[in-house]
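First up is the structure itself, then whatever we jot down about it.
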Number of protein chains: 2
Amino acid sequence: MRYTPSGAFGSCRYKLASVDRDRKEYERLIDVFKAHEIGYFFYNGGGDSQDTANKVADFSRSIGYPITCIGIPKTVDNDLPITDCSPGFGSVAKYVAVSVREAGLDVASMAESSTRVFVLEVMGRNAGWIAAAGALAKGARDDPPHIILFPEVSFDKQRFLDQVDKTVKRVGFCVVVASEGAHYADGTFVADAGTKDAFGHTQMGGVAPTLVDMIRNGPGHKCHWSVADYLQRAARHIASATDVEQAYAVGRAAVELAAAGKNAVMPVILRGKGKRYSWHLGDAPLSKVANVEKKMPRSFITKDGFGITAKAHDYLAPLIQGEDYPPYKNGVPSYVKLKNQLVKKKLPAWQE
Amino acid sequence: MRYTPSGAFGSCRYKLASVDRDRKEYERLIDVFKAHEIGYFFYNGGGDSQDTANKVADFSRSIGYPITCIGIPKTVDNDLPITDCSPGFGSVAKYVAVSVREAGLDVASMAESSTRVFVLEVMGRNAGWIAAAGALAKGARDDPPHIILFPEVSFDKQRFLDQVDKTVKRVGFCVVVASEGAHYADGTFVADAGTKDAFGHTQMGGVAPTLVDMIRNGPGHKCHWSVADYLQRAARHIASATDVEQAYAVGRAAVELAAAGKNAVMPVILRGKGKRYSWHLGDAPLSKVANVEKKMPRSFITKDGFGITAKAHDYLAPLIQGEDYPPYKNGVPSYVKLKNQLVKKKLPAWQE
């Protein structure tokens, strides 16, 4: 299972409303816990999941039901606060860095008589961490990526097109990494698919083709584009060894925290001082984690808004170190599939 | 360099017209060969490149200039004739199989409360070999991918939507691998970007979002989509060891054929008889290779047109065997960059 990506236990996207708005759902949850004698609730995920864990902890405390709620950090978005990074991010970062380096070589070899611009769309609704990781592909100054579009920097169409054109003229080609959440100053997403997910967030997809249309109708260079979508976050085959180690460490720490009687906390990764990268574990109250979104600090983004600073590089680089290859069988990774047999339900079906 | 993807020497996309139409270009080429005392012309690529090599061989023979022209098979499209497979294809096939397996696990884990359909768009303008390779992700019958769209099978919107819906109802989710070249019976591409490349081919991109729009407006399942584009064909990090070995073997064979005095030929990979996969090298005249496109035989595609047969699986599976990881430095593959210093030009600049 250590080598298997995604939620091998299954996963859910269900956002609990506040207790005031939907008390019945919380009560049902506690009823299920009681019926099955569940005393520990581990909840693995990003900001919304930590918020859910916090709400469950609050409610169970308020009614005096002794459930232990521990959040476990895990989000490719890397936007959880307090923890230095979020497990899952290092591996996506590595995937994006490797992909940019590879596709960049492809474009470089073709640019003289064919494609001159390549746009890779990556995840990151509100935070540009994943897009920033593309910069780890860079060896020398003019290496790809040449332009990164962050959700933290308002998109300015003319400035973007000028930068693409300038880059093609100077370097011969231009590689762009665009966050799915890239948006104009007024908040409009560069490509708004118009649909919403279970959490009410606008569902993204389509920044890359939108940018390519702008370039074709603007400077007119030949473009190619890619949307990595689930490929990036499920890419266990190119996982960061550092990330895998940290993911396991926070899982273990969660159990240890629960066993030590802690409640409503989340284990966090803390970076050691000093030039050489080191990390150790701590914990943070869920109330301080819930609903805080850690975006890229301005000091991590270059003045022109199209790249990352040395400070950002120092932060990101250690997170993609090391390869942790899965075992292969018949040419593909031999990932496991759990049977996930549910226990017999003890309560009658839930009526909304 | 063995670990570096793409054309490390640079690459070109330049289609020679016929000698009748543009004799001056051919004459210039021979003039350049003469000026620099070039006696060997190795041309590495797919169908169009082999056609170019053949034209150069024909022309030099017709004017009595003794240049040795050897084509070297290399195309991710796997559509060269005579050779059992084309170097480059096995690695893309592995990338697609691995990606489908990984993204498939992601969708499977989310399907109950979120995304139910995932569409991956892969390369393959006229031949469905790359899309077919997605099927190597399959372990059991209901594993992803559930639907493959080949250019060899006319696209029927209603049949496709029915199949998606049926699959979601039976399996809980549906993973689709779509060839960029998927088209309707009248030849219209499912997504026609409307632009053309240097060879006059319509430039693709956008099948996945088009299919997703159909599903959203049809059965209405929540979808995600990905376009692999250059990521797939530059993915040296997940190269097939079998493919790497064959790529080197045909390169070596090309030099050996030239040294042995052969002309206007291309080394080919020939599959041994017997259940256990084996291969050896042969050669074929460029005249028999040029302008022949090897598509998926009908016997490789299931009756319903949405999957591959056991025969296709037996053909494809050996080509993705073995991993051939590149060395890493700072968390990313340490690919080389050649200086590619050009020799001093001996002729005056070319005037069209």
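We name chains A, B, ... following the order of the structure tokens; residues begin at 1 in each chain, and ligands are numbered from 1 as shown.
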| task | Give me the residues within 8 Å of range 162-173 of chain B as a ChimeraX atom specification, counting only C-alpha atoms and dropping any in the same chain fewer than 6 places off. | result | /B:107-108,111-112,115-117,142,146-147,219
Keeping C-alpha atoms, export the residues of the selection given above as a short mmCIF file (atom, residue, chain, number, x, y, z; two decimals), in the first residue's frame.
```cif
data_model
loop_
_atom_site.label_atom_id
_atom_site.label_comp_id
_atom_site.auth_asym_id
_atom_site.auth_seq_id
_atom_site.Cartn_x
_atom_site.Cartn_y
_atom_site.Cartn_z
CA VAL B 107 -11.22 8.50 -10.02
CA ALA B 108 -12.16 5.19 -8.39
CA ALA B 111 -16.41 8.43 -7.70
CA GLU B 112 -18.91 7.90 -4.92
CA THR B 115 -15.79 12.85 -10.28
CA ARG B 116 -17.26 9.87 -12.13
CA VAL B 117 -15.71 10.24 -15.57
CA ASP B 142 -13.81 -3.61 -15.01
CA HIS B 146 -13.38 1.36 -19.88
CA ILE B 147 -13.58 3.06 -23.25
CA PRO B 219 -25.75 11.95 -19.03
#
```
| Filtered DSSP result for range 158-307 of chain A, state helix (DSSP H, G or I), as a PyMOL selection string | chain A and resi 158-171+207-217+229-233+236-238+241-259+286-289+298-300
| field | Distance query range 321-336 of chain B at most 10 Å, only C-alpha atoms, self and fewer than 6 positions along chain excluded, as a PyMOL selection string | value | (chain A and resi 93-99+101-102+105+136-139+238+240-242+317-323+325+328-332) or (chain B and resi 1-5+8+90-91+94+236-245)
| note | Restricting to only C-alpha atoms, whichever of B:Asn44, B:Thr309, B:Ser226, B:Asn126 is closest to Val292 in chain B is B:Asn126
| Which residue, A:Ser49, A:Asn291, A:Asn217, A:Ser86, has the smallest gap to Tyr248 in chain A when you use only C-alpha atoms? | A:Ser86
| request: Write out as a PyMOL selection string all residues of range 162-274 of chain A that DSSP puts in strand (DSSP E or B) for this structure's backbone. | output: chain A and resi 174-179+183-184+189+195-196+202-203+223-227+240+265-271
What does the file look like for those residues with C-alpha atoms, as a CSV table (one decimal), in the first residue's frame?
```
chain,number,residue,atom,x,y,z
A,174,CYS,CA,8.7,29.7,-24.5
A,175,VAL,CA,7.4,27.3,-21.9
A,176,VAL,CA,4.5,28.5,-19.7
A,177,VAL,CA,3.3,26.8,-16.5
A,178,ALA,CA,-0.2,28.0,-15.6
A,179,SER,CA,-2.1,27.5,-12.4
A,183,HIS,CA,-7.3,34.9,-12.7
A,184,TYR,CA,-7.8,38.6,-13.7
A,189,PHE,CA,-10.7,33.0,-13.8
A,195,THR,CA,-19.5,24.3,-12.9
A,196,LYS,CA,-19.0,23.9,-9.2
A,202,THR,CA,-15.8,26.7,-9.4
A,203,GLN,CA,-14.5,23.6,-11.2
A,223,CYS,CA,1.5,26.4,-29.7
A,224,HIS,CA,1.0,23.1,-28.0
A,225,TRP,CA,-0.6,22.6,-24.6
A,226,SER,CA,-1.2,20.0,-21.9
A,227,VAL,CA,-3.5,19.7,-19.0
A,240,SER,CA,9.4,12.2,-4.1
A,265,VAL,CA,-5.0,18.4,16.7
A,266,MET,CA,-3.1,17.8,13.4
A,267,PRO,CA,0.5,16.6,13.2
A,268,VAL,CA,2.7,19.2,11.4
A,269,ILE,CA,6.0,19.1,9.6
A,270,LEU,CA,8.5,21.6,11.0
A,271,ARG,CA,11.6,22.7,9.1
```
| query | Smallest atom-to-atom distance to chain A: which of B:Gly47, B:Gly181, B:Pro209, B:Pro73, using only C-alpha atoms? | reply |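 Checking each of B:Gly47, B:Gly181, B:Pro209, B:Pro73 against chain A, counting only C-alpha atoms, the winner is B:Pro209.
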